[in-house]
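Engineer: Below is the file model33.tsv, which contains TSV, C-alpha atoms and all ligand atoms.
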```tsv
chain	number	residue	atom	x	y	z
A	1	MET	CA	0.12	8.65	-25.97
A	2	ASN	CA	-2.19	6.91	-23.53
A	3	LEU	CA	-2.06	8.73	-20.21
A	4	PRO	CA	-1.76	6.29	-17.30
A	5	SER	CA	-2.98	6.95	-13.76
A	6	LEU	CA	-0.19	7.33	-11.22
A	7	PRO	CA	-0.99	6.40	-7.63
A	8	THR	CA	1.16	7.90	-4.86
A	9	ARG	CA	0.99	7.52	-1.08
A	10	ARG	CA	-1.94	9.97	-0.71
A	11	LEU	CA	-2.84	11.01	-4.25
A	12	LEU	CA	-4.07	9.61	-7.51
A	13	LEU	CA	-2.80	11.45	-10.59
A	14	ARG	CA	-5.17	10.71	-13.45
A	15	PRO	CA	-6.40	12.23	-16.71
A	16	PHE	CA	-8.88	15.08	-16.32
A	17	THR	CA	-12.48	14.41	-17.35
A	18	ALA	CA	-15.19	16.86	-18.39
A	19	ALA	CA	-16.79	16.35	-14.96
A	20	ASP	CA	-13.75	18.01	-13.32
A	21	ALA	CA	-14.37	21.35	-15.08
A	22	PRO	CA	-16.46	23.02	-12.32
A	23	THR	CA	-13.80	22.27	-9.66
A	24	VAL	CA	-10.96	23.43	-11.90
A	25	GLN	CA	-12.94	26.58	-12.75
A	26	VAL	CA	-13.19	27.47	-9.02
A	27	LEU	CA	-9.61	26.57	-8.06
A	28	ALA	CA	-7.92	28.18	-11.08
A	29	SER	CA	-9.92	31.40	-10.60
A	30	ALA	CA	-8.02	32.26	-7.40
A	31	PRO	CA	-5.77	35.30	-7.94
A	32	GLU	CA	-2.95	33.46	-6.07
A	33	ILE	CA	-2.77	30.90	-8.89
A	34	ALA	CA	-2.50	33.48	-11.69
A	35	ALA	CA	0.00	35.55	-9.70
A	36	THR	CA	2.84	33.03	-9.98
A	37	THR	CA	2.08	31.15	-13.20
A	38	ALA	CA	3.03	32.25	-16.69
A	39	THR	CA	-0.16	31.51	-18.58
A	40	ILE	CA	-3.21	31.16	-16.31
A	41	PRO	CA	-5.32	34.34	-16.86
A	42	HIS	CA	-6.98	36.40	-14.16
A	43	PRO	CA	-9.88	36.88	-14.11
A	44	TYR	CA	-10.25	33.30	-15.29
A	45	PRO	CA	-12.94	33.42	-18.03
A	46	ASP	CA	-16.17	31.45	-17.63
A	47	GLY	CA	-15.86	28.09	-19.36
A	48	ALA	CA	-12.05	28.27	-19.52
A	49	ALA	CA	-11.65	25.11	-17.45
A	50	ALA	CA	-13.94	23.07	-19.72
A	51	LEU	CA	-12.11	24.33	-22.83
A	52	TRP	CA	-8.73	23.55	-21.31
A	53	ILE	CA	-9.81	19.99	-20.44
A	54	GLU	CA	-11.27	19.49	-23.93
A	55	GLY	CA	-7.82	20.16	-25.39
A	56	HIS	CA	-6.07	17.45	-23.39
A	57	ALA	CA	-6.99	14.54	-25.67
A	58	ALA	CA	-5.32	16.17	-28.68
A	59	ALA	CA	-2.30	17.22	-26.62
A	60	HIS	CA	-1.85	13.66	-25.38
A	61	ALA	CA	-2.42	12.17	-28.85
A	62	SER	CA	0.36	14.38	-30.29
A	63	GLY	CA	2.78	13.21	-27.59
A	64	ASN	CA	3.49	16.83	-26.67
A	65	ALA	CA	1.97	16.79	-23.22
A	66	ALA	CA	1.07	14.64	-20.25
A	67	ILE	CA	-1.49	16.51	-18.14
A	68	PHE	CA	-2.67	14.96	-14.86
A	69	ALA	CA	-5.38	15.91	-12.40
A	70	ILE	CA	-4.00	15.74	-8.86
A	71	THR	CA	-6.75	14.12	-6.79
A	72	THR	CA	-7.32	12.94	-3.23
A	73	PRO	CA	-10.02	10.49	-2.09
A	74	ALA	CA	-11.58	13.14	0.18
A	75	ASP	CA	-11.45	16.27	-1.99
A	76	GLY	CA	-11.35	15.04	-5.59
A	77	VAL	CA	-9.33	17.39	-7.81
A	78	VAL	CA	-6.90	19.53	-5.79
A	79	GLY	CA	-4.61	20.68	-8.59
A	80	ALA	CA	-2.95	19.93	-11.89
A	81	ILE	CA	0.51	18.87	-13.02
A	82	GLU	CA	1.86	18.53	-16.51
A	83	LEU	CA	4.84	17.72	-18.65
A	84	ARG	CA	5.17	19.84	-21.79
A	85	ILE	CA	7.17	17.43	-23.91
A	86	ALA	CA	9.50	18.10	-26.84
A	87	PRO	CA	9.70	14.55	-28.23
A	88	ALA	CA	12.57	15.32	-30.61
A	89	MET	CA	14.65	16.70	-27.73
A	90	LEU	CA	13.65	13.95	-25.29
A	91	HIS	CA	13.02	16.66	-22.72
A	92	ALA	CA	9.98	18.10	-20.95
A	93	GLU	CA	9.07	21.13	-18.89
A	94	LEU	CA	7.28	20.43	-15.63
A	95	GLY	CA	4.47	22.75	-14.50
A	96	TYR	CA	1.87	22.52	-11.73
A	97	TRP	CA	-0.55	24.34	-9.50
A	98	ILE	CA	-2.37	23.36	-6.33
A	99	GLY	CA	-5.71	24.93	-5.31
A	100	VAL	CA	-5.16	27.47	-2.51
A	101	PRO	CA	-7.21	25.56	0.13
A	102	HIS	CA	-4.86	22.60	-0.34
A	103	TRP	CA	-1.50	24.40	-0.11
A	104	GLY	CA	1.17	23.41	2.39
A	105	ARG	CA	0.28	19.71	2.61
A	106	GLY	CA	3.10	18.45	0.42
A	107	TYR	CA	0.77	17.66	-2.50
A	108	ALA	CA	2.86	19.49	-5.12
A	109	THR	CA	6.00	17.66	-3.97
A	110	GLU	CA	4.30	14.25	-3.90
A	111	ALA	CA	2.77	14.76	-7.35
A	112	ALA	CA	6.02	16.11	-8.82
A	113	HIS	CA	7.93	13.05	-7.58
A	114	ALA	CA	5.49	10.74	-9.38
A	115	VAL	CA	5.52	12.73	-12.62
A	116	VAL	CA	9.31	13.03	-12.68
A	117	ASP	CA	9.55	9.24	-12.14
A	118	HIS	CA	7.09	8.80	-15.02
A	119	ALA	CA	9.10	11.14	-17.26
A	120	PHE	CA	12.35	9.22	-16.77
A	121	GLY	CA	10.65	5.82	-16.53
A	122	ALA	CA	7.78	5.18	-18.93
A	123	LEU	CA	8.57	8.20	-21.15
A	124	ALA	CA	12.35	7.57	-21.11
A	125	LEU	CA	13.17	11.29	-21.32
A	126	LYS	CA	16.69	12.62	-21.01
A	127	ARG	CA	15.89	15.83	-19.14
A	128	VAL	CA	13.09	17.44	-17.15
A	129	PHE	CA	13.26	21.14	-16.34
A	130	ALA	CA	11.06	23.79	-14.77
A	131	HIS	CA	10.84	27.55	-14.32
A	132	HIS	CA	9.38	29.60	-11.51
A	133	MET	CA	9.21	33.28	-10.74
A	134	SER	CA	11.97	34.34	-8.37
A	135	SER	CA	9.19	35.68	-6.14
A	136	ASN	CA	7.76	32.14	-5.76
A	137	PRO	CA	10.19	30.26	-3.49
A	138	ALA	CA	7.59	27.58	-2.62
A	139	SER	CA	7.86	26.29	-6.19
A	140	GLY	CA	11.65	26.28	-5.93
A	141	ALA	CA	11.33	24.22	-2.74
A	142	VAL	CA	9.23	21.64	-4.60
A	143	LEU	CA	11.71	21.38	-7.47
A	144	LYS	CA	14.65	21.01	-5.11
A	145	LYS	CA	12.88	18.23	-3.24
A	146	VAL	CA	12.37	16.21	-6.43
A	147	GLY	CA	16.09	16.42	-7.08
A	148	MET	CA	16.33	19.27	-9.59
A	149	LYS	CA	19.43	21.41	-9.68
A	150	TRP	CA	19.27	25.20	-9.91
A	151	GLU	CA	20.63	26.14	-13.33
A	152	GLY	CA	20.39	29.90	-13.22
A	153	ARG	CA	18.30	33.05	-13.17
A	154	LEU	CA	16.70	34.40	-16.34
A	155	ARG	CA	16.52	38.12	-15.67
A	156	ALA	CA	13.29	39.92	-16.64
A	157	HIS	CA	12.33	36.78	-18.56
A	158	LEU	CA	8.58	36.93	-17.91
A	159	HIS	CA	6.30	39.86	-18.69
A	160	ARG	CA	3.14	39.45	-16.64
A	161	ALA	CA	0.60	41.89	-15.21
A	162	ARG	CA	2.59	44.82	-16.66
A	163	GLN	CA	5.73	43.80	-14.80
A	164	PHE	CA	8.92	42.04	-15.76
A	165	HIS	CA	9.79	39.10	-13.52
A	166	ASP	CA	13.05	37.29	-12.95
A	167	VAL	CA	12.66	33.56	-13.41
A	168	GLU	CA	14.63	30.68	-11.86
A	169	LEU	CA	15.56	27.71	-14.05
A	170	TRP	CA	15.87	24.21	-12.60
A	171	GLY	CA	16.71	20.92	-14.32
A	172	LEU	CA	17.34	17.23	-13.79
A	173	VAL	CA	18.88	14.72	-16.20
A	174	ASP	CA	18.27	10.99	-16.34
A	175	ASP	CA	21.61	9.89	-14.80
A	176	GLU	CA	21.11	12.10	-11.76
A	177	HIS	CA	17.58	10.83	-11.33
A	178	GLU	CA	18.74	7.21	-11.54
A	179	GLN	CA	21.43	7.89	-8.96
A	180	ARG	CA	18.84	9.45	-6.63
A	181	GLN	CA	16.59	6.44	-7.07
A	182	ARG	CA	19.47	4.12	-6.14
A	183	VAL	CA	20.05	6.15	-2.98
A	184	ARG	CA	16.30	6.12	-2.22
A	185	ALA	CA	16.20	2.34	-2.71
A	186	ALA	CA	19.24	1.84	-0.47
A	187	ALA	CA	17.60	3.98	2.20
A	188	THR	CA	14.63	1.66	2.20
A	189	ALA	CA	16.51	-1.67	2.27
A	190	ILE	CA	14.35	-4.47	3.64
A	191	ASP	CA	16.02	-5.97	6.68
A	192	HIS	CA	13.65	-8.79	7.39
A	193	CYS	CA	10.68	-10.50	5.81
A	194	THR	CA	8.26	-12.86	7.56
A	195	PRO	CA	6.00	-15.00	5.37
A	196	VAL	CA	2.57	-15.82	6.81
A	197	LEU	CA	1.39	-19.27	5.78
A	198	PRO	CA	-2.18	-20.55	6.01
A	199	CYS	CA	-3.07	-23.65	8.01
A	200	ALA	CA	-6.32	-25.50	8.68
A	201	ASP	CA	-5.56	-26.55	12.29
A	202	LEU	CA	-3.17	-24.23	14.05
A	203	ALA	CA	-2.31	-26.51	16.99
A	204	ALA	CA	-1.63	-29.44	14.66
A	205	ALA	CA	0.44	-27.23	12.35
A	206	LEU	CA	2.53	-26.04	15.30
A	207	ASP	CA	3.15	-29.61	16.45
A	208	HIS	CA	4.23	-30.52	12.92
A	209	TYR	CA	6.67	-27.60	12.73
A	210	GLU	CA	8.11	-28.48	16.16
A	211	GLN	CA	8.24	-32.25	15.93
A	212	ARG	CA	8.73	-32.99	12.23
A	213	LEU	CA	10.40	-29.88	10.85
A	214	GLY	CA	12.54	-28.95	13.86
A	215	TRP	CA	11.28	-25.38	14.27
A	216	ARG	CA	10.79	-23.66	17.63
A	217	ARG	CA	7.45	-22.20	18.74
A	218	VAL	CA	7.96	-18.47	19.37
A	219	PHE	CA	4.39	-17.43	20.17
A	220	HIS	CA	0.88	-18.81	19.92
A	221	PHE	CA	-2.42	-16.92	20.17
A	222	PRO	CA	-5.02	-19.69	19.86
A	223	GLU	CA	-7.95	-17.28	20.18
A	224	ARG	CA	-6.67	-15.27	17.23
A	225	GLY	CA	-5.60	-18.31	15.26
A	226	TYR	CA	-2.06	-17.00	14.90
A	227	ALA	CA	1.36	-18.37	15.81
A	228	GLY	CA	5.04	-17.92	15.03
A	229	VAL	CA	7.89	-20.41	14.64
A	230	ALA	CA	11.61	-19.89	14.16
A	231	ARG	CA	14.65	-21.85	13.11
A	232	ALA	CA	18.24	-20.68	12.62
A	233	GLY	CA	17.43	-17.00	12.22
A	234	ALA	CA	14.32	-17.39	10.05
A	235	THR	CA	10.78	-16.74	11.26
A	236	LEU	CA	7.47	-17.96	9.88
A	237	HIS	CA	4.01	-16.96	10.96
A	238	LEU	CA	1.11	-19.39	10.73
A	239	MET	CA	-2.46	-18.23	10.41
A	240	ARG	CA	-5.57	-20.35	10.82
A	241	HIS	CA	-7.49	-20.27	7.57
A	242	ASP	CA	-10.30	-22.78	7.67
A	243	GLY	CA	-12.85	-21.13	5.36
A	244	PRO	CA	-13.97	-22.78	2.14
A	245	GLY	CA	-11.62	-20.64	0.04
A	246	ARG	CA	-8.45	-21.81	1.77
A	247	PRO	CA	-5.46	-20.65	-0.33
A	248	GLN	CA	-3.63	-23.44	-2.13
A	249	GLY	CA	0.00	-23.71	-3.02
A	250	ALA	CA	1.45	-21.02	-0.72
A	251	SER	CA	5.23	-21.22	-0.48
A	252	CYS	CA	8.31	-19.44	0.76
A	253	ARG	CA	11.96	-19.72	-0.04
A	254	PHE	CA	14.91	-19.91	2.35
A	255	ARG	CA	18.58	-19.41	1.51
A	256	VAL	CA	20.51	-21.74	3.81
A	257	ARG	CA	23.95	-23.15	4.56
A	258	GLY	CA	24.29	-26.94	5.07
A	259	VAL	CA	21.49	-27.91	2.71
A	260	ASP	CA	22.64	-31.56	2.55
A	261	ALA	CA	22.35	-32.02	6.29
A	262	LEU	CA	18.93	-30.37	6.33
A	263	TYR	CA	17.81	-32.56	3.44
A	264	ALA	CA	18.91	-35.70	5.28
A	265	GLU	CA	17.07	-34.53	8.40
A	266	TYR	CA	13.86	-33.79	6.48
A	267	GLN	CA	14.06	-37.05	4.52
A	268	ALA	CA	14.25	-38.92	7.80
A	269	ALA	CA	11.23	-36.94	9.05
A	270	GLY	CA	9.31	-37.81	5.88
A	271	VAL	CA	8.51	-34.21	5.02
A	272	VAL	CA	10.33	-33.84	1.70
A	273	ASP	CA	8.03	-33.12	-1.23
A	274	PRO	CA	8.36	-36.15	-3.58
A	275	LYS	CA	8.30	-33.65	-6.46
A	276	GLY	CA	11.08	-31.54	-4.95
A	277	PRO	CA	14.16	-33.71	-4.19
A	278	LEU	CA	17.53	-32.08	-3.60
A	279	GLU	CA	18.90	-30.99	-6.98
A	280	SER	CA	21.34	-28.47	-8.41
A	281	LYS	CA	19.26	-25.88	-10.19
A	282	PRO	CA	20.25	-23.79	-13.22
A	283	TRP	CA	19.88	-20.64	-11.10
A	284	GLY	CA	22.91	-21.63	-9.01
A	285	LEU	CA	21.27	-23.24	-5.96
A	286	ARG	CA	21.19	-26.77	-4.58
A	287	GLU	CA	17.60	-26.89	-3.58
A	288	PHE	CA	14.84	-29.11	-2.21
A	289	VAL	CA	11.25	-28.64	-1.15
A	290	ALA	CA	9.68	-29.72	2.14
A	291	LEU	CA	5.95	-29.63	2.81
A	292	ASP	CA	4.28	-28.58	5.98
A	293	ARG	CA	1.11	-30.25	7.24
A	294	ASP	CA	-1.07	-27.96	5.08
A	295	GLY	CA	0.84	-28.47	1.87
A	296	ASN	CA	2.65	-25.12	2.05
A	297	ALA	CA	5.95	-25.54	0.20
A	298	LEU	CA	9.17	-24.63	1.99
A	299	HIS	CA	12.02	-24.27	-0.52
A	300	PHE	CA	15.52	-24.54	0.95
A	301	GLY	CA	18.46	-23.67	-1.29
A	302	GLU	CA	22.21	-23.26	-0.88
A	303	GLU	CA	24.35	-21.30	-3.28
A	304	THR	CA	26.65	-23.48	-5.38
A	305	ARG	CA	28.48	-20.76	-7.34
A	306	GLY	CA	31.70	-19.34	-5.94
B	1	LIG	C1	3.86	26.37	-5.59
B	1	LIG	C2	2.75	25.42	-5.18
B	1	LIG	C3	2.48	24.48	-6.32
B	1	LIG	C4	3.19	24.64	-3.94
B	1	LIG	O1	2.17	23.69	-3.65
B	1	LIG	P1	2.12	22.95	-2.23
B	1	LIG	O2	1.33	21.71	-2.38
B	1	LIG	O3	1.69	23.90	-1.19
B	1	LIG	O4	3.66	22.57	-2.06
B	1	LIG	P2	4.30	21.55	-1.03
B	1	LIG	O5	3.46	21.56	0.21
B	1	LIG	O6	4.54	20.25	-1.71
B	1	LIG	O7	5.73	22.17	-0.77
B	1	LIG	C5	5.88	23.51	-0.63
B	1	LIG	C6	7.25	23.76	-0.06
B	1	LIG	O8	7.53	25.13	-0.21
B	1	LIG	C7	7.91	25.65	1.03
B	1	LIG	N1	7.52	27.04	1.06
B	1	LIG	C8	6.28	27.56	1.12
B	1	LIG	N2	6.35	28.89	1.13
B	1	LIG	C9	7.67	29.20	1.07
B	1	LIG	C10	8.39	30.41	1.07
B	1	LIG	N3	7.78	31.58	1.10
B	1	LIG	N4	9.74	30.34	1.01
B	1	LIG	C11	10.39	29.16	0.96
B	1	LIG	N5	9.75	27.98	0.95
B	1	LIG	C12	8.41	28.00	1.01
B	1	LIG	C13	7.15	24.84	2.02
B	1	LIG	O9	7.71	24.95	3.31
B	1	LIG	C14	7.29	23.46	1.43
B	1	LIG	O10	8.55	22.90	1.72
B	1	LIG	P3	8.76	21.88	2.97
B	1	LIG	O11	7.83	20.72	2.71
B	1	LIG	O12	10.18	21.50	2.86
B	1	LIG	O13	8.39	22.63	4.20
B	1	LIG	C15	1.45	26.19	-4.83
B	1	LIG	O14	1.73	27.19	-3.91
B	1	LIG	C16	0.80	26.83	-6.05
B	1	LIG	O15	0.03	26.17	-6.73
B	1	LIG	N6	1.06	28.11	-6.31
B	1	LIG	C17	0.44	28.80	-7.42
B	1	LIG	C18	0.82	28.23	-8.77
B	1	LIG	C19	2.31	28.09	-8.93
B	1	LIG	O16	3.09	28.92	-8.45
B	1	LIG	N7	2.74	27.04	-9.61
B	1	LIG	C20	4.14	26.80	-9.86
B	1	LIG	C21	4.50	27.57	-11.07
B	1	LIG	S1	6.22	27.32	-11.39
```
Would you encode the structure as structure tokens?
Structural biologist:
Amino acid sequence: MNLPSLPTRRLLLRPFTAADAPTVQVLASAPEIAATTATIPHPYPDGAAALWIEGHAAAHASGNAAIFAITTPADGVVGAIELRIAPAMLHAELGYWIGVPHWGRGYATEAAHAVVDHAFGALALKRVFAHHMSSNPASGAVLKKVGMKWEGRLRAHLHRARQFHDVELWGLVDDEHEQRQRVRAAATAIDHCTPVLPCADLAAALDHYEQRLGWRRVFHFPERGYAGVARAGATLHLMRHDGPGRPQGASCRFRVRGVDALYAEYQAAGVVDPKGPLESKPWGLREFVALDRDGNALHFGEETRG
């Protein structure tokens, strides 16, 4: 398996490299890390980080693990997160640690979100689960925030530092994750979108929109080379772009009612693109293309299906 890099809002999750070993050696040596993980030894032996990183290539090649360095632009490696995968079961166990100086900034939660998305997305797993010691509620908080459900307590499940520890079991299955993603997507519905189109001469472009295309000037900042026009609930921004690399072929699409009347108006104004007459398209729209003064294409379409 080729491990991808996963960017998040503040982090980049990427494969570890040999150059990360000194940082991992320092961070993983903290007693706080060993205290709540099942396998990280304390004291952490010299060279253990380098050996651990050396093993990743084989683990990834076998498909049994996906191990990511959690990195920030300012601090480099701040922790690690991994999926221990059972390919035949289509499930994986999630595990992670964050270096003590970086605790409490939401890094574990942000990284876990990305890795859980990866597990159900690219890896198409059925289930992701995780354990944490009952004495480690911070880890439980992370798992809850990525949508896992508490599945029970395994009493005296872990023998560590001459003590038996109760362990909490959490899990998430693909359907639940998909449902959460739908809710997340609905919560971030896009209400409005304003295309910004390039133009060589802003004043001339504005005149064209007002006089030929029937749009209304909403604002105009000549010194900044920026203006806005509106028509029937839609807004366009125009930006002066007179450098040698002026973008070509910019366009935007409008869904309208009364496309025939608009077409007649734009034909009379001589702004219809000869290559874009009003036509019924296979995608269920009656559509035509108008051109602004700079050759930006304005597609206007009306739904024809019931
Ligand atoms: C557990 C660990 C990964 C959390 O990392 P982190 O980046 O600090 O976690 P986050 O900031 O994303 O979130 C921690 C959450 O736990 C909460 N939390 C912290 N201490 C808590 C406590 N004692 N009780 C309840 N919740 C607690 C925080 O408030 C936060 O939730 P919030 O954002 O809703 O306020 C980190 O402490 C760690 O690496 N510990 C050692 C290794 C380990 O335990 N790994 C997990 C093994 S299962």
Engineer: Quick one: residues within 8 Å of range 146-161 of chain A, all atoms listed in the file, excluding same-chain residues fewer than 2 positions away - as number ranges by chain?
Structural biologist: A: 38, 109, 112-113, 116, 129, 142-144, 163-172, 177, 180
Engineer: Can you work out the spacing between CA of Pro137 in chain A and atom C11 of ligand LIG 1 (chain B) in Å, to one decimal?
Structural biologist: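 The value is 4.6 Å.
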Engineer: Nearest to ligand LIG 1 (chain B) among A:Arg257, A:His91, A:Arg10, A:His132, with distances taken over all atoms listed in the file: which residue is it?
Structural biologist: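 Of the candidates, the smallest distance to ligand LIG 1 (chain B) is held by A:His132.
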Engineer: For a quick check of understanding, using only C-alpha atoms, which of A:Ile33, A:Ala80, A:Leu27, A:Met1 has the smallest distance to Asn64 in chain A?
Structural biologist: A:Met1
Engineer: Residues up to 8 Å from ligand LIG 1 (chain B), counting all atoms listed in the file: could you list those as a ChimeraX atom specification?
Structural biologist: /A:32-38,79,95-100,102-110,130-133,136-142,145
Engineer: Hey, can you check how far CA of Gly63 in chain A sits from CA of Pro87 in chain A?
Structural biologist: 7.1 Å
Engineer: Can you tell me which residues surround Asp20 in chain A at a distance of at most 12 Å, considering all atoms listed in the file, apart from same-chain residues fewer than 6 positions away, and format the answer as an NGL selection string?
Structural biologist: :A and (14 or 26-28 or 47 or 49-54 or 68-71 or 75-80)
Engineer: What is the distance between CA of Val218 in chain A and CA of Ala230 in chain A, in Å to one decimal?
Structural biologist: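 Separation of CA of Val218 in chain A and CA of Ala230 in chain A: 6.5 Å.
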Engineer: Counting all atoms listed in the file, which residue out of A:Val271, A:Met239, A:Val24, A:Ala186 sits closest to Leu206 in chain A?
Structural biologist: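 Of A:Val271, A:Met239, A:Val24, A:Ala186, the one nearest Leu206 in chain A, counting all atoms listed in the file, is A:Met239.
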Engineer: List every protein, DNA or RNA residue that has at least one atom no more than 9 Å from (17.1, -30.1, -5.9) in the file's coordinates, counting all atoms listed in the file, and write the result as an MDAnalysis selection string.
Structural biologist: chainID A and resid 276:281 285:289 300:301
Engineer: Leaving out Pro222 in chain A and any residue of its chain fewer than 4 positions from it, which residues lie within 12 Å of it when counting only C-alpha atoms, given as a VMD selection string?
Structural biologist: chain A and resid 201 to 206 226 to 228 238 to 240
Engineer: Looking at only C-alpha atoms, which of A:Ala261, A:Ala269, A:Val256, A:Cys199 is the one that sits closest to His241 in chain A?
Structural biologist: A:Cys199
Engineer: Which one of A:Glu302, A:Ala234, A:Ala114, A:Arg293 sits closest to Asp207 in chain A if you count all atoms listed in the file?
Structural biologist: A:Arg293
Engineer: Which one of A:Ala30, A:Ala57, A:Ala122, A:Leu3 sits closest to Tyr44 in chain A if you count all atoms listed in the file?
Structural biologist: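 Distance minimum relative to Tyr44 in chain A lands on A:Ala30.
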